[in-house]
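For reference, the structure discussed in these notes is given below.
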Amino acid sequence: MKFSVIIQHIGFNICNTHRVINHTKNGFIVECKKCKSYQLSFEKKFLELTKKELNHFQKFLNKLDADYWEQVYYGCQVKQKIPIPTLQTDLQIMLTRSELIELRCLLGISKVDQNELLDSSKVDYTVVLN
């Protein structure tokens, strides 16, 4: 299935005023030339940002220290341990390390090395022994 068809399937119409900037397995970012905004869809999250907000978000994600937040939430049972604050004080977007890496790639902050060997700590899988 083509990427534009997938976007249309989830209810987002691509027209001549929209330009797909980037996409990953779990998200995409689209520029709307008409309203001069950016629509970021990642996992079950959707953000509409201005150019200035997008730049600030990219800078924030670039500086976000995953190691620190994984230590802070070390004893917690939640999988997502890396918070992204919002303007609403009681609402945060929580990510896993792999989600943060993919979001950074989606926004062009970092690149994924396709030849990198997979480390067992990066595998998020529940083992069921029969």
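Naming scheme: A, B, ... for chains in displayed order of the structure tokens; residues 1 onward per chain; ligands 1 onward as shown.
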Query raised in the report: Taking the backbone alone, and naming residues the way the document does, which bits of region 2-113 of chain A are strand (DSSP E) by DSSP, as a PyMOL selection string?
Result: chain A and resi 18-24+27-32+37-42+45-49+82-85+92-95
Just-selected residues, N, CA and C atoms written as a compact mmCIF listing (two decimals), in the first residue's frame:
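Result file selection-v1.txt:
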```
# COMPACT_ATOMS: atom_id res chain seq x y z
N HIS A 18 -0.51 19.87 0.90
CA HIS A 18 0.22 19.09 1.90
C HIS A 18 1.44 18.42 1.26
N ARG A 19 2.51 18.39 2.04
CA ARG A 19 3.73 17.71 1.57
C ARG A 19 4.23 16.80 2.69
N VAL A 20 4.39 15.53 2.35
CA VAL A 20 4.93 14.58 3.33
C VAL A 20 6.41 14.85 3.48
N ILE A 21 6.83 15.16 4.69
CA ILE A 21 8.24 15.46 4.97
C ILE A 21 9.01 14.19 5.27
N ASN A 22 8.42 13.34 6.12
CA ASN A 22 9.10 12.11 6.50
C ASN A 22 8.07 11.15 7.07
N HIS A 23 8.41 9.87 7.07
CA HIS A 23 7.56 8.88 7.71
C HIS A 23 8.41 7.72 8.21
N THR A 24 7.92 7.08 9.24
CA THR A 24 8.55 5.89 9.80
C THR A 24 7.48 4.82 9.94
N GLY A 27 4.75 6.49 12.30
CA GLY A 27 4.33 7.87 12.23
C GLY A 27 4.71 8.58 10.96
N PHE A 28 4.24 9.81 10.85
CA PHE A 28 4.57 10.65 9.71
C PHE A 28 4.48 12.11 10.12
N ILE A 29 5.15 12.95 9.34
CA ILE A 29 5.04 14.40 9.52
C ILE A 29 4.74 15.02 8.17
N VAL A 30 3.73 15.89 8.16
CA VAL A 30 3.24 16.50 6.94
C VAL A 30 3.24 18.01 7.12
N GLU A 31 3.66 18.71 6.08
CA GLU A 31 3.61 20.18 6.08
C GLU A 31 2.39 20.62 5.30
N CYS A 32 1.59 21.50 5.88
CA CYS A 32 0.45 22.10 5.17
C CYS A 32 0.89 23.49 4.71
N SER A 37 1.40 25.02 8.76
CA SER A 37 1.54 24.25 9.97
C SER A 37 2.09 22.86 9.63
N TYR A 38 2.43 22.14 10.67
CA TYR A 38 2.96 20.79 10.53
C TYR A 38 2.09 19.84 11.34
N GLN A 39 1.69 18.74 10.73
CA GLN A 39 0.92 17.72 11.43
C GLN A 39 1.83 16.54 11.68
N LEU A 40 2.01 16.22 12.96
CA LEU A 40 2.86 15.12 13.37
C LEU A 40 1.96 14.04 13.97
N SER A 41 1.97 12.87 13.36
CA SER A 41 1.23 11.73 13.87
C SER A 41 2.25 10.65 14.22
N PHE A 42 2.23 10.22 15.48
CA PHE A 42 3.17 9.20 15.93
C PHE A 42 2.49 8.31 16.93
N LYS A 45 -0.55 9.39 18.96
CA LYS A 45 -0.45 10.80 19.31
C LYS A 45 -0.50 11.65 18.04
N PHE A 46 -1.17 12.79 18.10
CA PHE A 46 -1.25 13.70 16.97
C PHE A 46 -1.00 15.11 17.47
N LEU A 47 -0.05 15.80 16.85
CA LEU A 47 0.25 17.18 17.20
C LEU A 47 0.19 18.05 15.95
N GLU A 48 -0.37 19.23 16.09
CA GLU A 48 -0.34 20.21 15.02
C GLU A 48 0.52 21.37 15.53
N LEU A 49 1.60 21.65 14.80
CA LEU A 49 2.59 22.60 15.26
C LEU A 49 2.88 23.67 14.22
N ILE A 82 9.93 7.88 29.72
CA ILE A 82 10.53 9.14 29.28
C ILE A 82 9.40 10.15 29.03
N PRO A 83 9.29 11.19 29.88
CA PRO A 83 8.17 12.13 29.76
C PRO A 83 8.46 13.30 28.81
N ILE A 84 7.40 13.70 28.12
CA ILE A 84 7.42 14.95 27.36
C ILE A 84 6.31 15.81 27.96
N PRO A 85 6.67 16.90 28.62
CA PRO A 85 5.65 17.73 29.27
C PRO A 85 4.79 18.46 28.25
N GLN A 92 1.22 14.47 30.54
CA GLN A 92 2.52 14.28 29.92
C GLN A 92 2.41 13.18 28.88
N ILE A 93 3.21 13.29 27.84
CA ILE A 93 3.32 12.23 26.84
C ILE A 93 4.49 11.36 27.27
N MET A 94 4.23 10.08 27.49
CA MET A 94 5.27 9.17 27.95
C MET A 94 5.72 8.27 26.80
N LEU A 95 7.04 8.08 26.69
CA LEU A 95 7.62 7.28 25.62
C LEU A 95 8.57 6.23 26.17
```
Requested in this report: Just the helix (DSSP H, G or I) stuff from region 22-99 of chain A, please, per backbone DSSP, written as a PyMOL selection string.
Outcome: chain A and resi 51-63+66-72+97-99
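Residue nearest Ile109 (chain A), chosen from A:Asn62, A:Gln71, A:Thr50, A:Thr126 and counting only C-alpha atoms: A:Asn62.
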Residues within 12 Å of Ile101 (chain A), only C-alpha atoms, excluding chain neighbours under 5 positions, as an mmCIF file with N, CA and C atoms, in the first residue's frame:
```cif
data_model
loop_
_atom_site.group_PDB
_atom_site.id
_atom_site.type_symbol
_atom_site.label_atom_id
_atom_site.label_comp_id
_atom_site.auth_asym_id
_atom_site.auth_seq_id
_atom_site.Cartn_x
_atom_site.Cartn_y
_atom_site.Cartn_z
ATOM 1 N N THR A 24 7.916 7.080 9.240
ATOM 2 C CA THR A 24 8.555 5.890 9.804
ATOM 3 C C THR A 24 7.481 4.821 9.942
ATOM 4 N N ASN A 26 5.845 3.936 12.500
ATOM 5 C CA ASN A 26 4.753 4.309 13.398
ATOM 6 C C ASN A 26 4.297 5.761 13.298
ATOM 7 N N LEU A 61 13.558 17.434 22.091
ATOM 8 C CA LEU A 61 13.790 15.996 21.940
ATOM 9 C C LEU A 61 15.274 15.678 21.796
ATOM 10 N N ASN A 62 16.011 16.553 21.151
ATOM 11 C CA ASN A 62 17.444 16.347 20.980
ATOM 12 C C ASN A 62 18.172 16.372 22.327
ATOM 13 N N LEU A 64 16.685 15.734 25.307
ATOM 14 C CA LEU A 64 16.023 14.857 26.270
ATOM 15 C C LEU A 64 16.931 13.687 26.635
ATOM 16 N N ASP A 65 17.218 13.538 27.922
ATOM 17 C CA ASP A 65 18.147 12.522 28.424
ATOM 18 C C ASP A 65 17.374 11.274 28.844
ATOM 19 N N ALA A 66 17.326 10.276 27.961
ATOM 20 C CA ALA A 66 16.590 9.039 28.223
ATOM 21 C C ALA A 66 17.157 8.296 29.426
ATOM 22 N N ILE A 82 9.932 7.879 29.720
ATOM 23 C CA ILE A 82 10.527 9.143 29.278
ATOM 24 C C ILE A 82 9.399 10.147 29.030
ATOM 25 N N LEU A 95 7.038 8.083 26.689
ATOM 26 C CA LEU A 95 7.619 7.281 25.616
ATOM 27 C C LEU A 95 8.572 6.233 26.174
ATOM 28 N N THR A 96 8.771 5.171 25.408
ATOM 29 C CA THR A 96 9.848 4.229 25.691
ATOM 30 C C THR A 96 11.087 4.748 24.973
ATOM 31 N N LEU A 106 12.102 10.390 12.906
ATOM 32 C CA LEU A 106 10.989 10.970 12.161
ATOM 33 C C LEU A 106 11.178 12.467 11.965
ATOM 34 N N LEU A 107 11.691 13.128 12.992
ATOM 35 C CA LEU A 107 11.878 14.579 12.944
ATOM 36 C C LEU A 107 13.236 14.988 12.387
ATOM 37 N N GLY A 108 14.020 14.010 11.937
ATOM 38 C CA GLY A 108 15.304 14.318 11.313
ATOM 39 C C GLY A 108 16.394 14.690 12.293
ATOM 40 N N ILE A 109 16.200 14.373 13.569
ATOM 41 C CA ILE A 109 17.197 14.711 14.591
ATOM 42 C C ILE A 109 18.341 13.715 14.565
ATOM 43 N N SER A 110 18.028 12.461 14.337
ATOM 44 C CA SER A 110 19.063 11.426 14.296
ATOM 45 C C SER A 110 18.720 10.414 13.204
ATOM 46 N N LYS A 111 19.680 9.612 12.873
ATOM 47 C CA LYS A 111 19.516 8.581 11.854
ATOM 48 C C LYS A 111 19.680 7.221 12.504
ATOM 49 N N VAL A 112 19.003 6.239 11.948
ATOM 50 C CA VAL A 112 19.135 4.869 12.430
ATOM 51 C C VAL A 112 20.181 4.166 11.583
ATOM 52 N N ASP A 113 21.137 3.541 12.254
ATOM 53 C CA ASP A 113 22.156 2.768 11.557
ATOM 54 C C ASP A 113 21.574 1.398 11.225
ATOM 55 N N LYS A 122 17.598 -3.856 23.923
ATOM 56 C CA LYS A 122 16.720 -3.068 23.062
ATOM 57 C C LYS A 122 15.502 -3.852 22.590
#
```
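When CA of Cys35 (chain A) is paired with CA of Thr17 (chain A), their separation reads 8.7 Å.
The spacing separating CA of Lys33 (chain A) from CA of Gln58 (chain A) amounts to 19.8 Å.
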